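Structure file start00.txt; described as compact mmCIF, N, CA and C atoms.
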```
# COMPACT_ATOMS: atom_id res chain seq x y z
N MET A 105 3.61 -12.00 12.02
CA MET A 105 3.40 -11.30 13.28
C MET A 105 2.73 -9.96 12.98
N GLU A 106 1.63 -9.71 13.63
CA GLU A 106 0.88 -8.48 13.39
C GLU A 106 1.09 -7.49 14.53
N ILE A 107 1.95 -6.53 14.28
CA ILE A 107 2.23 -5.47 15.25
C ILE A 107 2.07 -4.15 14.55
N LYS A 108 1.20 -3.30 15.07
CA LYS A 108 0.99 -1.97 14.50
C LYS A 108 2.07 -1.05 15.05
N LEU A 109 2.88 -0.50 14.16
CA LEU A 109 3.94 0.41 14.56
C LEU A 109 3.63 1.81 14.06
N PHE A 110 3.84 2.79 14.91
CA PHE A 110 3.66 4.18 14.54
C PHE A 110 4.94 4.69 13.88
N ASP A 111 4.86 5.85 13.25
CA ASP A 111 6.01 6.39 12.52
C ASP A 111 7.26 6.49 13.40
N SER A 112 7.10 6.93 14.63
CA SER A 112 8.24 7.06 15.54
C SER A 112 8.87 5.69 15.81
N GLU A 113 8.04 4.67 15.98
CA GLU A 113 8.55 3.33 16.24
C GLU A 113 9.24 2.77 14.99
N LEU A 114 8.73 3.12 13.83
CA LEU A 114 9.38 2.68 12.58
C LEU A 114 10.76 3.29 12.43
N LYS A 115 10.97 4.51 12.94
CA LYS A 115 12.30 5.13 12.88
C LYS A 115 13.30 4.30 13.69
N VAL A 116 12.90 3.87 14.86
CA VAL A 116 13.76 3.02 15.70
C VAL A 116 14.02 1.69 15.00
N MET A 117 12.95 1.09 14.48
CA MET A 117 13.10 -0.20 13.81
C MET A 117 14.00 -0.08 12.59
N ASP A 118 13.88 1.01 11.86
CA ASP A 118 14.72 1.20 10.67
C ASP A 118 16.20 1.22 11.04
N VAL A 119 16.55 1.83 12.15
CA VAL A 119 17.94 1.81 12.61
C VAL A 119 18.38 0.38 12.85
N LEU A 120 17.54 -0.41 13.50
CA LEU A 120 17.90 -1.81 13.79
C LEU A 120 17.96 -2.64 12.52
N TRP A 121 17.06 -2.41 11.59
CA TRP A 121 17.09 -3.17 10.34
C TRP A 121 18.33 -2.84 9.53
N ARG A 122 18.79 -1.60 9.59
CA ARG A 122 19.98 -1.21 8.83
C ARG A 122 21.27 -1.62 9.52
N HIS A 123 21.29 -1.55 10.86
CA HIS A 123 22.53 -1.75 11.60
C HIS A 123 22.60 -3.08 12.35
N GLY A 124 21.50 -3.79 12.46
CA GLY A 124 21.48 -5.01 13.26
C GLY A 124 21.42 -4.65 14.73
N ASP A 125 21.73 -5.62 15.59
CA ASP A 125 21.69 -5.38 17.03
C ASP A 125 22.50 -4.13 17.37
N THR A 126 21.87 -3.22 18.12
CA THR A 126 22.46 -1.93 18.41
C THR A 126 22.10 -1.52 19.83
N THR A 127 23.03 -0.88 20.52
CA THR A 127 22.72 -0.41 21.86
C THR A 127 21.71 0.74 21.79
N ALA A 128 20.93 0.87 22.84
CA ALA A 128 19.95 1.97 22.91
C ALA A 128 20.67 3.31 22.81
N LYS A 129 21.85 3.38 23.42
CA LYS A 129 22.63 4.62 23.37
C LYS A 129 22.98 4.99 21.93
N ARG A 130 23.40 4.00 21.15
CA ARG A 130 23.77 4.27 19.75
C ARG A 130 22.54 4.62 18.91
N ILE A 131 21.41 3.96 19.17
CA ILE A 131 20.17 4.31 18.47
C ILE A 131 19.83 5.76 18.75
N ALA A 132 19.97 6.18 20.01
CA ALA A 132 19.68 7.57 20.39
C ALA A 132 20.61 8.53 19.66
N GLU A 133 21.88 8.17 19.53
CA GLU A 133 22.83 9.01 18.81
C GLU A 133 22.44 9.16 17.34
N ILE A 134 22.08 8.04 16.72
CA ILE A 134 21.71 8.05 15.31
C ILE A 134 20.46 8.88 15.09
N LEU A 135 19.45 8.70 15.94
CA LEU A 135 18.19 9.42 15.75
C LEU A 135 18.31 10.90 16.13
N LYS A 136 19.25 11.22 17.01
CA LYS A 136 19.51 12.63 17.28
C LYS A 136 20.04 13.31 16.02
N GLU A 137 20.95 12.62 15.33
CA GLU A 137 21.50 13.15 14.08
C GLU A 137 20.44 13.22 12.98
N GLN A 138 19.63 12.18 12.86
CA GLN A 138 18.67 12.08 11.76
C GLN A 138 17.44 12.97 11.94
N VAL A 139 16.87 12.96 13.15
CA VAL A 139 15.59 13.65 13.34
C VAL A 139 15.58 14.61 14.53
N GLY A 140 16.70 14.70 15.24
CA GLY A 140 16.79 15.66 16.34
C GLY A 140 16.16 15.21 17.65
N TRP A 141 15.94 13.92 17.81
CA TRP A 141 15.34 13.43 19.04
C TRP A 141 16.31 13.51 20.20
N SER A 142 15.76 13.73 21.38
CA SER A 142 16.56 13.65 22.61
C SER A 142 16.73 12.18 22.98
N LYS A 143 17.67 11.91 23.86
CA LYS A 143 17.90 10.55 24.34
C LYS A 143 16.64 10.02 25.01
N THR A 144 15.97 10.87 25.79
CA THR A 144 14.75 10.47 26.50
C THR A 144 13.66 10.04 25.53
N THR A 145 13.49 10.81 24.46
CA THR A 145 12.47 10.46 23.46
C THR A 145 12.78 9.10 22.84
N THR A 146 14.02 8.90 22.46
CA THR A 146 14.40 7.63 21.84
C THR A 146 14.17 6.46 22.79
N TYR A 147 14.56 6.60 24.03
CA TYR A 147 14.38 5.53 25.00
C TYR A 147 12.90 5.23 25.24
N THR A 148 12.07 6.27 25.22
CA THR A 148 10.63 6.08 25.38
C THR A 148 10.07 5.27 24.22
N VAL A 149 10.49 5.59 23.01
CA VAL A 149 10.01 4.88 21.83
C VAL A 149 10.54 3.44 21.83
N ILE A 150 11.78 3.24 22.22
CA ILE A 150 12.33 1.88 22.33
C ILE A 150 11.50 1.07 23.31
N LYS A 151 11.16 1.67 24.44
CA LYS A 151 10.36 0.97 25.46
C LYS A 151 9.00 0.55 24.89
N LYS A 152 8.39 1.42 24.09
CA LYS A 152 7.10 1.07 23.46
C LYS A 152 7.27 -0.10 22.51
N CYS A 153 8.37 -0.11 21.76
CA CYS A 153 8.64 -1.21 20.84
C CYS A 153 8.85 -2.53 21.59
N ILE A 154 9.51 -2.45 22.72
CA ILE A 154 9.72 -3.64 23.56
C ILE A 154 8.37 -4.15 24.07
N GLU A 155 7.52 -3.24 24.55
CA GLU A 155 6.20 -3.62 25.06
C GLU A 155 5.34 -4.27 23.98
N LYS A 156 5.49 -3.84 22.74
CA LYS A 156 4.72 -4.40 21.63
C LYS A 156 5.29 -5.71 21.12
N GLY A 157 6.50 -6.07 21.55
CA GLY A 157 7.12 -7.30 21.08
C GLY A 157 7.89 -7.15 19.78
N ALA A 158 8.20 -5.91 19.40
CA ALA A 158 8.96 -5.67 18.18
C ALA A 158 10.46 -5.72 18.41
N ILE A 159 10.86 -5.43 19.65
CA ILE A 159 12.28 -5.40 20.03
C ILE A 159 12.46 -6.21 21.32
N GLU A 160 13.61 -6.83 21.40
CA GLU A 160 14.01 -7.52 22.63
C GLU A 160 15.23 -6.79 23.18
N ARG A 161 15.21 -6.53 24.49
CA ARG A 161 16.35 -5.88 25.15
C ARG A 161 17.28 -6.97 25.67
N ARG A 162 18.55 -6.82 25.33
CA ARG A 162 19.56 -7.80 25.79
C ARG A 162 20.61 -7.08 26.61
N GLU A 163 21.08 -7.74 27.62
CA GLU A 163 22.14 -7.20 28.47
C GLU A 163 23.42 -7.95 28.17
N PRO A 164 24.57 -7.37 28.42
CA PRO A 164 24.76 -6.04 29.01
C PRO A 164 24.61 -4.94 27.97
N ASN A 165 24.62 -3.74 28.45
CA ASN A 165 24.66 -2.51 27.63
C ASN A 165 23.37 -2.17 26.90
N TYR A 166 22.23 -2.75 27.31
CA TYR A 166 20.93 -2.39 26.72
C TYR A 166 21.00 -2.51 25.21
N VAL A 167 21.34 -3.69 24.73
CA VAL A 167 21.39 -3.95 23.29
C VAL A 167 19.98 -4.28 22.81
N CYS A 168 19.58 -3.62 21.74
CA CYS A 168 18.25 -3.84 21.17
C CYS A 168 18.36 -4.79 19.98
N HIS A 169 17.50 -5.79 19.99
CA HIS A 169 17.48 -6.81 18.93
C HIS A 169 16.09 -6.81 18.30
N PRO A 170 15.98 -6.64 16.97
CA PRO A 170 14.66 -6.65 16.33
C PRO A 170 14.06 -8.05 16.32
N LEU A 171 12.80 -8.14 16.70
CA LEU A 171 12.09 -9.42 16.70
C LEU A 171 11.19 -9.58 15.48
N ILE A 172 11.03 -8.51 14.72
CA ILE A 172 10.25 -8.55 13.49
C ILE A 172 11.08 -7.99 12.35
N THR A 173 10.79 -8.44 11.16
CA THR A 173 11.53 -7.98 9.99
C THR A 173 10.79 -6.85 9.29
N LYS A 174 11.51 -6.14 8.47
CA LYS A 174 10.90 -5.08 7.67
C LYS A 174 9.82 -5.66 6.76
N GLU A 175 10.08 -6.85 6.22
CA GLU A 175 9.12 -7.50 5.33
C GLU A 175 7.82 -7.82 6.07
N GLN A 176 7.92 -8.27 7.32
CA GLN A 176 6.71 -8.56 8.10
C GLN A 176 5.89 -7.29 8.32
N VAL A 177 6.57 -6.20 8.61
CA VAL A 177 5.87 -4.93 8.82
C VAL A 177 5.24 -4.46 7.52
N ARG A 178 5.96 -4.58 6.42
CA ARG A 178 5.40 -4.19 5.11
C ARG A 178 4.14 -4.99 4.79
N GLU A 179 4.21 -6.29 5.00
CA GLU A 179 3.05 -7.14 4.71
C GLU A 179 1.85 -6.73 5.57
N PHE A 180 2.07 -6.51 6.85
CA PHE A 180 0.99 -6.11 7.74
C PHE A 180 0.41 -4.77 7.34
N GLU A 181 1.28 -3.79 7.09
CA GLU A 181 0.82 -2.44 6.73
C GLU A 181 0.08 -2.45 5.39
N THR A 182 0.56 -3.24 4.44
CA THR A 182 -0.09 -3.33 3.15
C THR A 182 -1.48 -3.95 3.29
N ALA A 183 -1.57 -5.05 4.05
CA ALA A 183 -2.87 -5.69 4.27
C ALA A 183 -3.83 -4.74 4.98
N GLU A 184 -3.32 -3.98 5.94
CA GLU A 184 -4.16 -3.03 6.66
C GLU A 184 -4.67 -1.93 5.71
N LEU A 185 -3.78 -1.43 4.86
CA LEU A 185 -4.17 -0.41 3.88
C LEU A 185 -5.24 -0.95 2.93
N ILE A 186 -5.03 -2.15 2.41
CA ILE A 186 -5.99 -2.74 1.48
C ILE A 186 -7.34 -2.92 2.16
N ASN A 187 -7.34 -3.41 3.38
CA ASN A 187 -8.61 -3.62 4.09
C ASN A 187 -9.30 -2.31 4.43
N LYS A 188 -8.53 -1.32 4.87
CA LYS A 188 -9.11 -0.06 5.31
C LYS A 188 -9.59 0.80 4.15
N MET A 189 -8.80 0.92 3.12
CA MET A 189 -9.09 1.87 2.05
C MET A 189 -9.72 1.25 0.80
N TYR A 190 -9.57 -0.07 0.63
CA TYR A 190 -10.04 -0.71 -0.60
C TYR A 190 -10.95 -1.91 -0.32
N ASP A 191 -11.52 -1.96 0.87
CA ASP A 191 -12.45 -3.04 1.24
C ASP A 191 -11.87 -4.42 0.95
N GLY A 192 -10.58 -4.58 1.13
CA GLY A 192 -9.94 -5.87 0.96
C GLY A 192 -9.60 -6.24 -0.48
N ALA A 193 -9.84 -5.34 -1.42
CA ALA A 193 -9.61 -5.63 -2.84
C ALA A 193 -8.24 -5.11 -3.28
N ALA A 194 -7.27 -6.02 -3.35
CA ALA A 194 -5.91 -5.64 -3.72
C ALA A 194 -5.84 -5.08 -5.13
N ASP A 195 -6.71 -5.58 -6.03
CA ASP A 195 -6.68 -5.07 -7.40
C ASP A 195 -7.05 -3.60 -7.46
N GLN A 196 -7.91 -3.14 -6.54
CA GLN A 196 -8.27 -1.73 -6.51
C GLN A 196 -7.08 -0.87 -6.07
N LEU A 197 -6.28 -1.38 -5.15
CA LEU A 197 -5.06 -0.68 -4.74
C LEU A 197 -4.11 -0.54 -5.93
N VAL A 198 -3.90 -1.63 -6.63
CA VAL A 198 -2.99 -1.61 -7.78
C VAL A 198 -3.52 -0.66 -8.85
N ALA A 199 -4.81 -0.70 -9.12
CA ALA A 199 -5.40 0.21 -10.11
C ALA A 199 -5.20 1.66 -9.69
N SER A 200 -5.38 1.94 -8.42
CA SER A 200 -5.19 3.29 -7.92
C SER A 200 -3.74 3.74 -8.09
N LEU A 201 -2.81 2.87 -7.81
CA LEU A 201 -1.40 3.19 -7.99
C LEU A 201 -1.07 3.45 -9.45
N LEU A 202 -1.60 2.62 -10.32
CA LEU A 202 -1.32 2.76 -11.74
C LEU A 202 -1.92 4.05 -12.31
N GLU A 203 -3.08 4.43 -11.83
CA GLU A 203 -3.73 5.64 -12.32
C GLU A 203 -3.09 6.92 -11.78
N SER A 204 -2.45 6.82 -10.63
CA SER A 204 -1.97 8.03 -9.96
C SER A 204 -0.59 8.50 -10.39
N ARG A 205 0.17 7.67 -11.12
CA ARG A 205 1.49 8.12 -11.52
C ARG A 205 1.96 7.44 -12.79
N LYS A 206 2.84 8.12 -13.48
CA LYS A 206 3.44 7.55 -14.68
C LYS A 206 4.48 6.51 -14.27
N LEU A 207 4.43 5.39 -14.92
CA LEU A 207 5.40 4.33 -14.66
C LEU A 207 6.45 4.31 -15.76
N THR A 208 7.68 3.98 -15.34
CA THR A 208 8.74 3.82 -16.33
C THR A 208 8.56 2.47 -17.03
N ARG A 209 9.23 2.31 -18.14
CA ARG A 209 9.19 1.02 -18.85
C ARG A 209 9.67 -0.11 -17.94
N GLU A 210 10.70 0.17 -17.15
CA GLU A 210 11.25 -0.85 -16.25
C GLU A 210 10.24 -1.23 -15.18
N GLU A 211 9.53 -0.26 -14.64
CA GLU A 211 8.51 -0.55 -13.63
C GLU A 211 7.37 -1.38 -14.22
N ILE A 212 6.96 -1.03 -15.42
CA ILE A 212 5.90 -1.79 -16.09
C ILE A 212 6.35 -3.22 -16.33
N GLU A 213 7.58 -3.39 -16.76
CA GLU A 213 8.10 -4.73 -17.01
C GLU A 213 8.17 -5.56 -15.72
N ARG A 214 8.60 -4.92 -14.63
CA ARG A 214 8.65 -5.63 -13.34
C ARG A 214 7.24 -6.05 -12.91
N LEU A 215 6.26 -5.19 -13.13
CA LEU A 215 4.88 -5.53 -12.79
C LEU A 215 4.38 -6.71 -13.64
N ARG A 216 4.70 -6.67 -14.94
CA ARG A 216 4.31 -7.79 -15.82
C ARG A 216 4.92 -9.11 -15.31
N GLN A 217 6.20 -9.03 -14.95
CA GLN A 217 6.89 -10.24 -14.47
C GLN A 217 6.27 -10.74 -13.17
N LEU A 218 5.92 -9.83 -12.27
CA LEU A 218 5.27 -10.23 -11.02
C LEU A 218 3.95 -10.94 -11.29
N ILE A 219 3.16 -10.40 -12.22
CA ILE A 219 1.87 -11.01 -12.56
C ILE A 219 2.08 -12.38 -13.18
N GLU A 220 3.03 -12.48 -14.09
CA GLU A 220 3.32 -13.79 -14.71
C GLU A 220 3.76 -14.80 -13.66
N ASP A 221 4.57 -14.38 -12.72
CA ASP A 221 5.04 -15.28 -11.67
C ASP A 221 3.89 -15.76 -10.79
N LEU A 222 2.89 -14.92 -10.61
CA LEU A 222 1.74 -15.30 -9.80
C LEU A 222 0.85 -16.31 -10.49
N GLU A 223 0.83 -16.25 -11.82
CA GLU A 223 -0.01 -17.16 -12.59
C GLU A 223 0.63 -18.52 -12.61
```
Produce structure tokens that represent the structure in this file.
Amino acid sequence: MEIKLFDSELKVMDVLWRHGDTTAKRIAEILKEQVGWSKTTTYTVIKKCIEKGAIERREPNYVCHPLITKEQVREFETAELINKMYDGAADQLVASLLESRKLTREEIERLRQLIEDLE
């Protein structure tokens, strides 16, 4: 499922991914604590997520249910990044990541294992 989510919408989705089905009221409470949002702001962002098909509203009590997974969003965002910044070349993204930071031995080993698994 390809749904473009903005940072604010990802904050709402993250609450649902961590907590499962949650009332809009509780999401507002959590985001007030985490980022200082008002109830109105949270409800506006929830409404946008519903309109995009990322969340389903269930009654009673305005329970929000995620319709997309974190993995689906990661896959979409990664593909978008590769297409936008690397002309669709995933190897260029990986090369850029490898050049930009020092990797631990464990990270290098995990990358080797991923490559072997792909072969």
Here atom N of Ile131 in chain A and atom N of Arg162 in chain A stand apart by 12.7 Å
re atom N of Ile219 in chain A and CA of Thr173 in chain A: distance 23.9 Å
Shortest contact to Leu135 in chain A, candidates A:Val116, A:Arg209, A:His123, A:Gln196, atoms counted all atoms listed in the file, goes to A:Val116
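Picture a line from CA of Ile107 in chain A to CA of Val119 in chain A; it runs 17.5 Å.
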DSSP-assigned strand (DSSP E or B) members of chain A, reported as an MDAnalysis selection string: chainID A and resid 126:127 159:162 167:170
field: Top pick for closest residue to Leu215 in chain A, considering A:Glu203, A:Trp141, A:Val198, A:Arg130 and counting only C-alpha atoms
entry: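 Counting only C-alpha atoms, the residue closest to Leu215 in chain A is A:Val198.
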Min atom-atom distance to Phe110 in chain A from the set A:Val167, A:Val177, A:Ala193, A:Ile212, counting only C-alpha atoms, belongs to A:Val177
Judged by all atoms listed in the file, the minimum distance to Glu106 in chain A among A:Pro170, A:Leu120, A:Gln176, A:Leu222 is found for A:Gln176
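Nearest residue to Ala132 in chain A, choosing from A:Thr145, A:Ile186, A:Glu181, A:Thr208 and counting only N, CA and C atoms: A:Thr145.
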Restricting to all atoms listed in the file, whichever of A:Thr182, A:Thr127, A:Gln217, A:Gln138 is closest to His169 in chain A is A:Thr127
